[in-house]
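Next up, input19.cif (mmCIF, C-alpha atoms):
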data_protein
loop_
_atom_site.label_atom_id
_atom_site.label_comp_id
_atom_site.auth_asym_id
_atom_site.auth_seq_id
_atom_site.Cartn_x
_atom_site.Cartn_y
_atom_site.Cartn_z
CA MET V 1 130.50 119.67 66.11
CA LYS V 2 131.64 123.23 66.72
CA ARG V 3 129.29 125.95 67.93
CA ALA V 4 130.91 128.52 65.62
CA LYS V 5 130.09 126.32 62.61
CA CYS V 6 126.49 125.92 63.76
CA ILE V 7 126.07 129.67 64.15
CA GLU V 8 127.67 130.24 60.76
CA ALA V 9 125.29 127.73 59.16
CA ILE V 10 122.18 129.57 60.43
CA TYR V 11 123.63 133.09 60.15
CA PRO V 12 121.79 133.92 56.89
CA GLU V 13 118.53 132.80 58.52
CA LEU V 14 119.08 135.13 61.46
CA GLN V 15 118.93 138.29 59.36
CA ASP V 16 115.18 138.72 59.64
CA LYS V 17 114.81 137.50 63.23
CA LEU V 18 115.44 139.01 66.65
CA VAL V 19 118.45 137.29 68.16
CA VAL V 20 119.51 137.25 71.82
CA THR V 21 122.77 135.55 72.77
CA ILE V 22 124.45 134.68 76.03
CA MET V 23 127.83 136.04 77.04
CA GLY V 24 131.31 135.10 75.98
CA ALA V 25 132.17 132.73 73.17
CA CYS V 26 128.66 132.45 71.77
CA ALA V 27 128.24 136.23 71.50
CA GLN V 28 131.70 136.67 70.02
CA GLU V 29 131.21 134.00 67.38
CA LEU V 30 128.00 135.62 66.18
CA TYR V 31 129.51 139.11 66.28
CA ASP V 32 132.55 137.96 64.28
CA LEU V 33 130.27 136.88 61.42
CA GLY V 34 129.09 140.49 61.22
CA HIS V 35 127.01 142.45 63.68
CA CYS V 36 123.41 143.20 62.74
CA GLU V 37 121.06 145.65 64.43
CA ASN V 38 118.72 142.78 65.31
CA PHE V 39 121.33 141.09 67.54
CA PHE V 40 121.44 141.62 71.31
CA TYR V 41 124.37 140.18 73.25
CA LEU V 42 123.73 139.63 76.95
CA GLN V 43 127.30 139.82 78.23
CA HIS V 44 126.39 139.10 81.84
CA ALA V 45 123.33 138.16 83.93
CA MET V 46 123.79 134.50 83.05
CA GLY V 47 120.55 132.65 82.48
CA LEU V 48 118.43 135.61 81.45
CA ALA V 49 118.89 135.47 77.65
CA SER V 50 115.94 133.08 77.40
CA SER V 51 113.85 135.33 79.67
CA ILE V 52 114.58 138.31 77.41
CA GLY V 53 113.56 136.12 74.48
CA LEU V 54 110.27 135.34 76.21
CA GLY V 55 109.56 139.04 76.87
CA LEU V 56 110.25 139.82 73.22
CA ALA V 57 108.30 136.89 71.79
CA LEU V 58 105.16 137.56 73.85
CA ASN V 59 105.09 141.23 72.90
CA LEU V 60 106.07 140.87 69.23
CA PRO V 61 103.94 138.01 67.91
CA GLN V 62 104.73 138.99 64.33
CA GLU V 63 108.49 138.47 64.84
CA LYS V 64 110.50 135.28 65.16
CA VAL V 65 112.81 135.40 68.19
CA VAL V 66 115.92 133.24 68.43
CA VAL V 67 117.84 132.73 71.68
CA LEU V 68 121.37 131.36 71.45
CA ASP V 69 121.87 129.88 74.89
CA GLY V 70 124.38 127.59 76.61
CA ASP V 71 124.31 124.76 79.12
CA GLY V 72 125.94 126.85 81.87
CA SER V 73 123.45 129.68 81.44
CA VAL V 74 120.41 127.41 81.28
CA LEU V 75 121.56 125.59 84.42
CA MET V 76 121.61 128.96 86.21
CA ASN V 77 117.97 129.57 85.33
CA LEU V 78 116.33 126.17 84.87
CA GLY V 79 112.98 127.66 85.87
CA THR V 80 112.99 129.57 82.60
CA LEU V 81 112.10 126.37 80.71
CA THR V 82 109.02 125.91 82.88
CA THR V 83 107.96 129.54 82.51
CA ILE V 84 108.39 129.52 78.73
CA ALA V 85 106.62 126.16 78.45
CA ARG V 86 103.68 127.57 80.44
CA TYR V 87 103.23 130.63 78.23
CA ASN V 88 104.33 128.73 75.12
CA PRO V 89 105.10 131.57 72.68
CA PRO V 90 104.77 130.13 69.16
CA ASN V 91 107.48 132.44 67.80
CA LEU V 92 110.42 131.53 70.04
CA VAL V 93 113.31 129.29 68.99
CA HIS V 94 115.60 128.40 71.87
CA ILE V 95 118.93 126.94 70.82
CA ILE V 96 121.02 125.60 73.69
CA PHE V 97 124.63 124.91 72.78
CA ASP V 98 125.70 122.25 75.22
CA ASN V 99 129.48 122.00 75.47
CA GLY V 100 129.42 120.48 78.96
CA SER V 101 131.65 123.27 80.10
CA LEU V 102 131.71 126.73 81.63
CA LEU V 103 134.06 127.60 78.79
CA SER V 104 134.04 131.36 79.02
CA THR V 105 134.78 131.33 82.74
CA GLY V 106 137.70 128.91 82.90
CA GLY V 107 136.52 125.74 81.18
CA PHE V 108 135.25 123.97 84.27
CA ALA V 109 132.97 121.01 83.68
CA SER V 110 129.24 121.77 83.86
CA HIS V 111 126.62 119.28 85.08
CA THR V 112 125.91 118.19 81.53
CA THR V 113 129.41 116.77 81.09
CA SER V 114 129.46 113.07 80.17
CA GLY V 115 125.70 113.09 79.84
CA ILE V 116 125.02 113.21 83.58
CA THR V 117 122.35 115.86 83.12
CA ASP V 118 120.19 115.73 80.00
CA LEU V 119 118.92 119.21 79.12
CA ALA V 120 116.63 117.92 76.37
CA ALA V 121 114.95 115.61 78.89
CA ILE V 122 114.60 118.53 81.31
CA ALA V 123 113.01 120.65 78.56
CA ARG V 124 110.55 117.84 77.78
CA GLY V 125 109.83 117.43 81.47
CA ALA V 126 109.22 121.17 81.73
CA GLY V 127 106.46 120.74 79.17
CA VAL V 128 108.15 121.90 75.98
CA GLN V 129 106.44 120.19 73.03
CA ASN V 130 109.15 120.62 70.40
CA VAL V 131 112.51 119.41 71.64
CA ALA V 132 115.36 118.24 69.43
CA ALA V 133 118.68 116.87 70.62
CA VAL V 134 121.33 116.99 67.92
CA SER V 135 125.04 116.31 67.68
CA THR V 136 125.85 116.55 63.96
CA PRO V 137 125.85 119.65 61.73
CA MET V 138 123.31 118.06 59.38
CA ASP V 139 120.88 117.35 62.20
CA PHE V 140 121.43 120.80 63.67
CA ILE V 141 120.69 122.56 60.39
CA ALA V 142 117.58 120.42 59.85
CA ALA V 143 116.30 121.05 63.38
CA ALA V 144 116.92 124.79 63.09
CA ALA V 145 115.22 124.99 59.68
CA ASP V 146 112.25 123.12 61.10
CA ALA V 147 112.01 125.43 64.13
CA PHE V 148 112.37 128.59 62.01
CA GLU V 149 109.66 127.46 59.64
CA ASN V 150 107.06 126.15 62.06
CA ASP V 151 105.11 127.74 64.87
CA GLY V 152 105.62 126.53 68.41
CA TYR V 153 108.19 127.10 71.12
CA SER V 154 111.15 124.96 70.08
CA VAL V 155 114.16 123.91 72.09
CA ILE V 156 117.19 122.56 70.24
CA VAL V 157 119.91 121.09 72.43
CA ALA V 158 123.05 120.95 70.29
CA LYS V 159 126.02 119.00 71.66
CA VAL V 160 129.14 120.94 70.71
CA GLU V 161 132.84 120.86 71.48
CA ALA V 162 134.16 122.99 74.31
CA THR V 163 136.07 125.36 72.06
CA GLY V 164 135.70 129.07 71.56
CA PRO V 165 137.33 132.03 69.84
CA ASP V 166 140.91 133.07 70.61
CA HIS V 167 139.87 136.67 71.16
CA PHE V 168 137.12 138.68 72.83
CA GLY V 169 135.94 142.20 72.16
CA MET V 170 133.34 144.15 70.26
CA ASP V 171 133.22 147.65 68.89
CA LEU V 172 129.87 148.06 70.61
CA LYS V 173 129.24 149.49 74.07
CA LEU V 174 126.74 147.49 76.08
CA PRO V 175 124.06 150.22 76.47
CA GLU V 176 124.64 151.15 72.82
CA ASN V 177 123.70 147.58 71.88
CA ALA V 178 120.52 147.86 73.98
CA PHE V 179 119.55 151.28 72.55
CA ARG V 180 120.14 150.23 68.95
CA PHE V 181 118.31 146.92 69.41
CA GLU V 182 115.30 148.74 70.85
CA ARG V 183 115.37 151.31 68.03
CA TYR V 184 115.63 148.59 65.39
CA ILE V 185 112.51 146.90 66.77
CA LYS V 186 110.65 150.20 66.88
CA GLU V 187 111.53 151.01 63.27
CA ARG V 188 110.54 147.53 62.14
CA LYS V 189 107.18 147.96 63.86
CA GLN V 190 106.67 151.31 62.11
CA MET V 191 107.63 149.76 58.78
CA ARG V 192 105.16 146.92 59.27
CA THR V 193 102.39 149.39 60.16
CA LYS V 194 103.15 151.41 57.02
CA LEU V 195 103.12 148.33 54.82
CA HIS V 196 99.86 147.27 56.39
CA ASN V 197 98.14 150.63 55.79
CA MET U 1 96.12 139.75 108.75
CA THR U 2 93.79 140.48 105.88
CA VAL U 3 94.89 141.92 102.57
CA SER U 4 92.98 145.06 101.55
CA ARG U 5 90.75 144.46 98.53
CA ASP U 6 89.90 148.14 98.15
CA ASN U 7 93.48 149.31 98.27
CA SER U 8 94.58 146.52 95.92
CA LEU U 9 92.02 147.89 93.49
CA ALA U 10 93.46 151.40 93.93
CA VAL U 11 96.95 150.05 93.14
CA TYR U 12 95.64 148.16 90.12
CA GLN U 13 93.81 151.23 88.84
CA GLY U 14 97.07 153.16 89.21
CA ILE U 15 98.87 150.54 87.13
CA LYS U 16 96.21 150.79 84.41
CA ASP U 17 96.19 154.60 84.51
CA ALA U 18 99.97 154.62 84.04
CA GLY U 19 99.38 152.86 80.71
CA ILE U 20 100.82 149.52 81.82
CA ARG U 21 99.47 146.52 79.93
CA PHE U 22 102.11 143.89 80.75
CA ILE U 23 103.00 142.67 84.24
CA THR U 24 105.66 140.16 85.25
CA ALA U 25 105.16 138.80 88.73
CA LEU U 26 105.70 136.13 91.29
CA PRO U 27 102.66 135.51 93.48
CA GLU U 28 102.78 136.72 97.08
CA THR U 29 100.09 137.13 99.73
CA TRP U 30 99.90 140.93 99.66
CA LEU U 31 99.67 140.81 95.87
CA VAL U 32 96.91 138.22 95.68
CA TYR U 33 94.05 140.58 94.74
CA LEU U 34 96.26 142.57 92.42
CA LEU U 35 97.23 139.43 90.54
CA GLN U 36 93.60 138.31 90.37
CA LEU U 37 92.62 141.67 88.91
CA ALA U 38 95.39 141.38 86.33
CA GLU U 39 94.41 137.81 85.49
CA ASP U 40 90.75 138.74 84.99
CA ASP U 41 91.54 141.81 82.87
CA PRO U 42 91.44 141.01 79.13
CA ASP U 43 93.52 144.12 78.42
CA MET U 44 96.38 142.97 80.67
CA THR U 45 99.01 140.32 80.09
CA LEU U 46 100.24 138.74 83.32
CA ILE U 47 103.32 136.53 83.27
CA GLU U 48 104.07 134.59 86.43
CA VAL U 49 107.65 133.44 86.79
CA ALA U 50 109.30 130.59 88.67
CA LYS U 51 111.82 132.92 90.32
CA GLU U 52 112.02 136.68 90.31
CA GLU U 53 115.33 137.06 88.48
CA GLU U 54 113.59 135.73 85.36
CA ALA U 55 111.20 138.66 85.60
CA ILE U 56 114.06 141.09 85.06
CA GLY U 57 114.86 139.41 81.73
CA ILE U 58 111.22 139.28 80.67
CA ALA U 59 110.76 142.96 81.57
CA ALA U 60 113.85 143.85 79.54
CA GLY U 61 112.45 141.92 76.56
CA ALA U 62 109.10 143.70 76.95
CA HIS U 63 110.91 147.05 77.10
CA PHE U 64 112.87 146.31 73.92
CA ALA U 65 109.55 145.38 72.32
CA GLY U 66 108.16 148.81 73.25
CA GLN U 67 105.63 147.44 75.71
CA PRO U 68 104.88 149.54 78.82
CA ASN U 69 105.37 147.10 81.68
CA LEU U 70 106.13 146.70 85.35
CA LEU U 71 107.12 144.08 87.89
CA LEU U 72 105.24 142.92 90.96
CA MET U 73 107.18 141.05 93.60
CA GLN U 74 107.86 140.58 97.27
CA ASN U 75 110.99 142.16 98.75
CA HIS U 76 112.55 138.70 99.10
CA GLY U 77 112.01 138.30 95.37
CA PHE U 78 113.77 141.60 94.81
CA LEU U 79 116.69 140.25 96.83
CA ALA U 80 116.66 137.10 94.66
CA ALA U 81 116.74 139.20 91.47
CA ILE U 82 119.69 141.43 92.25
CA ASN U 83 122.20 140.05 89.75
CA GLY U 84 119.67 140.53 86.96
CA ILE U 85 118.94 144.06 88.14
CA VAL U 86 122.65 144.92 88.28
CA SER U 87 124.05 143.01 85.31
CA LEU U 88 121.17 143.39 82.89
CA ALA U 89 119.07 146.44 83.79
CA MET U 90 121.79 148.71 85.17
CA LEU U 91 124.57 147.50 82.88
CA TYR U 92 122.51 148.01 79.72
CA ARG U 93 120.47 151.00 80.97
CA VAL U 94 117.15 149.19 80.77
CA PRO U 95 114.39 150.89 82.79
CA LEU U 96 112.60 148.77 85.38
CA CYS U 97 109.55 149.79 87.37
CA MET U 98 109.26 147.50 90.39
CA LEU U 99 106.34 147.42 92.79
CA ILE U 100 107.67 145.61 95.83
CA ALA U 101 105.61 144.25 98.73
CA HIS U 102 107.64 145.34 101.74
CA ARG U 103 107.15 142.39 104.06
CA GLY U 104 108.97 141.91 107.34
CA HIS U 105 109.04 145.47 108.61
CA MET U 106 107.23 147.36 111.42
CA GLY U 107 104.20 145.39 112.59
CA GLU U 108 105.35 142.14 111.01
CA PRO U 109 104.14 139.21 113.11
CA TYR U 110 105.88 136.49 111.07
CA PRO U 111 109.53 135.88 112.04
CA TRP U 112 110.46 134.45 108.61
CA HIS U 113 109.90 137.75 106.86
CA THR U 114 111.91 139.90 109.26
CA GLN U 115 115.50 139.65 108.00
CA GLY U 116 114.43 140.44 104.44
CA GLY U 117 112.35 143.32 105.76
CA ILE U 118 115.30 144.75 107.66
CA VAL U 119 117.78 144.66 104.76
CA THR U 120 115.57 145.74 101.86
CA GLU U 121 115.96 149.50 102.20
CA PRO U 122 119.75 149.36 102.85
CA VAL U 123 120.15 147.14 99.76
CA LEU U 124 118.14 149.58 97.64
CA ARG U 125 120.36 152.39 98.90
CA ALA U 126 123.54 150.39 98.25
CA LEU U 127 122.40 149.78 94.66
CA ASN U 128 121.51 153.44 94.26
CA ILE U 129 117.99 152.49 93.19
CA PRO U 130 115.52 155.38 93.64
CA PHE U 131 112.64 154.25 95.84
CA ASP U 132 109.57 155.55 97.58
CA TYR U 133 107.00 154.11 99.98
CA ALA U 134 103.33 153.85 99.06
CA ARG U 135 101.24 154.08 102.22
CA ASP U 136 98.01 155.75 101.13
CA HIS U 137 95.37 154.53 98.67
CA GLN U 138 94.66 158.11 97.65
CA THR U 139 98.18 158.81 96.44
CA VAL U 140 99.38 155.40 95.28
CA ALA U 141 98.15 155.81 91.68
CA ARG U 142 100.14 159.01 91.27
CA GLN U 143 103.19 157.35 92.83
CA ILE U 144 102.99 154.44 90.38
CA LYS U 145 102.80 156.83 87.44
CA GLU U 146 105.74 158.82 88.79
CA ALA U 147 107.83 155.70 89.41
CA TYR U 148 107.14 154.48 85.88
CA THR U 149 107.89 157.86 84.33
CA TYR U 150 111.13 158.13 86.29
CA SER U 151 112.30 154.65 85.30
CA LEU U 152 111.92 155.63 81.64
CA SER U 153 113.63 159.01 81.94
CA SER U 154 116.48 157.81 84.17
CA LEU U 155 116.91 154.46 82.36
CA SER U 156 117.21 152.97 85.81
CA PRO U 157 115.44 150.54 88.08
CA VAL U 158 112.95 152.38 90.29
CA ALA U 159 111.19 150.78 93.26
CA LEU U 160 107.85 151.63 94.82
CA MET U 161 107.51 149.85 98.14
CA LEU U 162 103.97 148.71 98.92
CA SER U 163 103.73 149.13 102.66
CA ARG U 164 101.69 147.39 105.37
CA ASP U 165 99.55 150.52 105.80
CA LEU U 166 98.46 150.24 102.19
CA MET U 167 98.20 146.49 101.66
CA GLU U 168 96.54 145.34 104.91
CA ASP U 169 93.13 146.22 106.30
#

Take the structure in the file and write it out as structure tokens.
Amino acid sequence: MKRAKCIEAIYPELQDKLVVTIMGACAQELYDLGHCENFFYLQHAMGLASSIGLGLALNLPQEKVVVLDGDGSVLMNLGTLTTIARYNPPNLVHIIFDNGSLLSTGGFASHTTSGITDLAAIARGAGVQNVAAVSTPMDFIAAAADAFENDGYSVIVAKVEATGPDHFGMDLKLPENAFRFERYIKERKQMRTKLHN
Amino acid sequence: MTVSRDNSLAVYQGIKDAGIRFITALPETWLVYLLQLAEDDPDMTLIEVAKEEEAIGIAAGAHFAGQPNLLLMQNHGFLAAINGIVSLAMLYRVPLCMLIAHRGHMGEPYPWHTQGGIVTEPVLRALNIPFDYARDHQTVARQIKEAYTYSLSSLSPVALMLSRDLMED
């Protein structure tokens, strides 16, 4: 299973959600499908995409927040699973693409290679109630649909091949991405208030 | 050493007066009353992290969500959070208002705090993070408000160092 195909399969579903991705291949593959104002790409600070997702989810209970994470990033911030499990935001979907590799930084094996470390088991041990481990596109799509539809912090660990795009680059400056993402959220809030009144 | 209840209350009141309703923190002795006040306050959301670098991500998420927020941590936690501060907050121009317990400096009886106490200010200077020391319960509320205001206008991390004079009786 390829990560790019997984992202492509859920891309239409991401249009009305707040999406935070990790750096490198994952960010590029989403961007290449077409940038949307509700996408934030964390191109550094490995491990913190899920923490950003938590900060968003807790403060925007009316929004669904999706984090596109990776095994290398999660391993750099394993405590995040325990923190998110403790505060258990019902509107956070945490997809961890596990390619067993630090692909974007040279392709070195990560601790999840050959199943040595089981991220789904770690998530369960951290106290996450909804954990799915998938390795086929059908199972991935079903698990994602389930997580998007239902309330509850969900972790989906998707085993994918260690392949990425053959190019990197975005027509989007990093602070510009942050400013536009913030503005998008603000405008959506205003729109919701208007609709409500 | 006893932590000052009265001055902790003055700090907490300053946080409330600055309009902050969301705190990300890692527990630390000097912050114990502050965290209790936050926990008992129905108007405040307190998120306790496993390690301080997480707090930088959570604060960034809260900022994107439009939620006035700040961070409470020990200086050793600040040292543990530096990559997040540099490669999330500074890189993306996300404001951060950090209240940092400045352990391990003048008067510190515990050896284990001392190295962190010695390097904190030089590290803040190296990172070009604006900082100030809070030493007086009568001025701390204004300092918190100013630090928060400045983080928003400068789109930068700003640190207010909670000193021994303020936090201990």

> What is the distance, in Å and to one decimal place, between atom CA of V:His44 and atom CA of V:Thr105?
Replying inline: 11.5 Å

>> Starting from the PyMOL selection byres ((chain V and resi 153-156) around 9), expand the selection into actual residues of this file and give them as a PyMOL selection string.
In response: chain V and resi 84-85+88-97+120+123+128-134+140+143-144+147-148+151-152+157-158

Just write the chosen residues, C-alpha atoms, as a CSV table (one decimal), in the frame of the given file.
chain,number,residue,atom,x,y,z
V,84,ILE,CA,108.4,129.5,78.7
V,85,ALA,CA,106.6,126.2,78.4
V,88,ASN,CA,104.3,128.7,75.1
V,89,PRO,CA,105.1,131.6,72.7
V,90,PRO,CA,104.8,130.1,69.2
V,91,ASN,CA,107.5,132.4,67.8
V,92,LEU,CA,110.4,131.5,70.0
V,93,VAL,CA,113.3,129.3,69.0
V,94,HIS,CA,115.6,128.4,71.9
V,95,ILE,CA,118.9,126.9,70.8
V,96,ILE,CA,121.0,125.6,73.7
V,97,PHE,CA,124.6,124.9,72.8
V,120,ALA,CA,116.6,117.9,76.4
V,123,ALA,CA,113.0,120.6,78.6
V,128,VAL,CA,108.2,121.9,76.0
V,129,GLN,CA,106.4,120.2,73.0
V,130,ASN,CA,109.2,120.6,70.4
V,131,VAL,CA,112.5,119.4,71.6
V,132,ALA,CA,115.4,118.2,69.4
V,133,ALA,CA,118.7,116.9,70.6
V,134,VAL,CA,121.3,117.0,67.9
V,140,PHE,CA,121.4,120.8,63.7
V,143,ALA,CA,116.3,121.0,63.4
V,144,ALA,CA,116.9,124.8,63.1
V,147,ALA,CA,112.0,125.4,64.1
V,148,PHE,CA,112.4,128.6,62.0
V,151,ASP,CA,105.1,127.7,64.9
V,152,GLY,CA,105.6,126.5,68.4
V,157,VAL,CA,119.9,121.1,72.4
V,158,ALA,CA,123.0,121.0,70.3

>> With 6 Å as the limit and counting all atoms listed in the file, what residues in chain V lie close to chain U? Please list them as a ChimeraX atom specification.
In response: /V:44-45,48,51-52,55-56,79,83,174-175,182

> Quick one: distance from atom CA of V:Gly47 to atom CA of U:Ala81 in Å, one decimal?
Replying inline: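 Pair atom CA of V:Gly47 / atom CA of U:Ala81 returns 11.8 Å.
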
> If we count only C-alpha atoms, what is near U:Glu168 at a cut-off of 8 Å, once residues fewer than 6 positions away on the same chain are taken out, given as a ChimeraX atom specification?
Replying inline: /U:1-4,30

>> Please compute the atom CA of U:Leu127-atom CA of U:Ala18 distance, one decimal, in Å.
In response: 25.3 Å

What box, with edges along x, y and z, holds each listed atom of stretch 50-56 of chain U when 4 Å is added on every side, and can you state its centre and edge lengths in Å to one decimal, as JSON?
{"center_x": 112.3, "center_y": 135.8, "center_z": 87.7, "size_x": 14.0, "size_y": 18.5, "size_z": 13.3}

>> Applying the PyMOL selection byres ((chain V and resi 110-119) around 9) to the file I just gave you, which residues come out? Please list them as a PyMOL selection string.
In response: chain V and resi 71-72+74-75+96+98-102+107-109+120-124+133+157

> Using only C-alpha atoms, which of the listed residues (U:Leu152, U:Ala134, U:Leu160, U:Leu70) sits closest to U:Arg21?
Replying inline: U:Leu70

Add whatever atoms are absent from stretch 109-118 of chain V to reach all heavy atoms, and provide the output as a PDB file, in the frame of the given file.
ATOM      1  N   ALA V 109     134.041 121.888  84.133  1.00  0.00           N
ATOM      2  CA  ALA V 109     132.970 121.010  83.680  1.00  0.00           C
ATOM      3  C   ALA V 109     131.629 121.495  84.221  1.00  0.00           C
ATOM      4  O   ALA V 109     131.533 121.897  85.381  1.00  0.00           O
ATOM      5  CB  ALA V 109     133.230 119.584  84.148  1.00  0.00           C
ATOM      6  N   SER V 110     130.587 121.470  83.365  1.00  0.00           N
ATOM      7  CA  SER V 110     129.240 121.770  83.860  1.00  0.00           C
ATOM      8  C   SER V 110     128.551 120.446  84.172  1.00  0.00           C
ATOM      9  O   SER V 110     129.099 119.374  83.916  1.00  0.00           O
ATOM     10  CB  SER V 110     128.443 122.576  82.838  1.00  0.00           C
ATOM     11  OG  SER V 110     127.758 121.712  81.957  1.00  0.00           O
ATOM     12  N   HIS V 111     127.330 120.512  84.693  1.00  0.00           N
ATOM     13  CA  HIS V 111     126.620 119.280  85.080  1.00  0.00           C
ATOM     14  C   HIS V 111     126.225 118.428  83.891  1.00  0.00           C
ATOM     15  O   HIS V 111     125.806 117.286  84.066  1.00  0.00           O
ATOM     16  CB  HIS V 111     125.373 119.634  85.897  1.00  0.00           C
ATOM     17  CG  HIS V 111     125.674 120.391  87.146  1.00  0.00           C
ATOM     18  ND1 HIS V 111     126.883 120.323  87.785  1.00  0.00           N
ATOM     19  CD2 HIS V 111     124.914 121.242  87.876  1.00  0.00           C
ATOM     20  CE1 HIS V 111     126.866 121.097  88.856  1.00  0.00           C
ATOM     21  NE2 HIS V 111     125.691 121.681  88.922  1.00  0.00           N
ATOM     22  N   THR V 112     126.312 118.983  82.691  1.00  0.00           N
ATOM     23  CA  THR V 112     125.910 118.190  81.530  1.00  0.00           C
ATOM     24  C   THR V 112     127.072 117.356  80.984  1.00  0.00           C
ATOM     25  O   THR V 112     126.888 116.564  80.065  1.00  0.00           O
ATOM     26  CB  THR V 112     125.385 119.089  80.383  1.00  0.00           C
ATOM     27  OG1 THR V 112     126.439 119.949  79.943  1.00  0.00           O
ATOM     28  CG2 THR V 112     124.213 119.932  80.844  1.00  0.00           C
ATOM     29  N   THR V 113     128.254 117.526  81.545  1.00  0.00           N
ATOM     30  CA  THR V 113     129.410 116.770  81.090  1.00  0.00           C
ATOM     31  C   THR V 113     129.145 115.266  81.212  1.00  0.00           C
ATOM     32  O   THR V 113     128.574 114.822  82.190  1.00  0.00           O
ATOM     33  CB  THR V 113     130.652 117.140  81.933  1.00  0.00           C
ATOM     34  OG1 THR V 113     130.782 118.547  81.909  1.00  0.00           O
ATOM     35  CG2 THR V 113     131.909 116.531  81.360  1.00  0.00           C
ATOM     36  N   SER V 114     129.593 114.535  80.206  1.00  0.00           N
ATOM     37  CA  SER V 114     129.460 113.070  80.170  1.00  0.00           C
ATOM     38  C   SER V 114     128.009 112.616  80.263  1.00  0.00           C
ATOM     39  O   SER V 114     127.724 111.492  80.685  1.00  0.00           O
ATOM     40  CB  SER V 114     130.238 112.405  81.324  1.00  0.00           C
ATOM     41  OG  SER V 114     131.540 112.902  81.384  1.00  0.00           O
ATOM     42  N   GLY V 115     127.105 113.500  79.889  1.00  0.00           N
ATOM     43  CA  GLY V 115     125.700 113.090  79.840  1.00  0.00           C
ATOM     44  C   GLY V 115     125.054 112.864  81.183  1.00  0.00           C
ATOM     45  O   GLY V 115     124.028 112.206  81.296  1.00  0.00           O
ATOM     46  N   ILE V 116     125.626 113.407  82.260  1.00  0.00           N
ATOM     47  CA  ILE V 116     125.020 113.210  83.580  1.00  0.00           C
ATOM     48  C   ILE V 116     123.639 113.888  83.602  1.00  0.00           C
ATOM     49  O   ILE V 116     122.644 113.281  83.975  1.00  0.00           O
ATOM     50  CB  ILE V 116     125.923 113.806  84.685  1.00  0.00           C
ATOM     51  CG1 ILE V 116     127.261 113.053  84.723  1.00  0.00           C
ATOM     52  CG2 ILE V 116     125.229 113.741  86.054  1.00  0.00           C
ATOM     53  CD1 ILE V 116     128.342 113.733  85.525  1.00  0.00           C
ATOM     54  N   THR V 117     123.619 115.125  83.185  1.00  0.00           N
ATOM     55  CA  THR V 117     122.350 115.860  83.120  1.00  0.00           C
ATOM     56  C   THR V 117     121.941 116.027  81.664  1.00  0.00           C
ATOM     57  O   THR V 117     122.757 116.427  80.837  1.00  0.00           O
ATOM     58  CB  THR V 117     122.495 117.236  83.795  1.00  0.00           C
ATOM     59  OG1 THR V 117     122.744 117.030  85.183  1.00  0.00           O
ATOM     60  CG2 THR V 117     121.226 118.059  83.635  1.00  0.00           C
ATOM     61  N   ASP V 118     120.707 115.710  81.371  1.00  0.00           N
ATOM     62  CA  ASP V 118     120.190 115.730  80.000  1.00  0.00           C
ATOM     63  C   ASP V 118     119.237 116.919  79.848  1.00  0.00           C
ATOM     64  O   ASP V 118     118.100 116.876  80.310  1.00  0.00           O
ATOM     65  CB  ASP V 118     119.478 114.396  79.742  1.00  0.00           C
ATOM     66  CG  ASP V 118     118.915 114.316  78.331  1.00  0.00           C
ATOM     67  OD1 ASP V 118     118.845 115.357  77.635  1.00  0.00           O
ATOM     68  OD2 ASP V 118     118.547 113.197  77.924  1.00  0.00           O
TER      69      ASP V 118
END
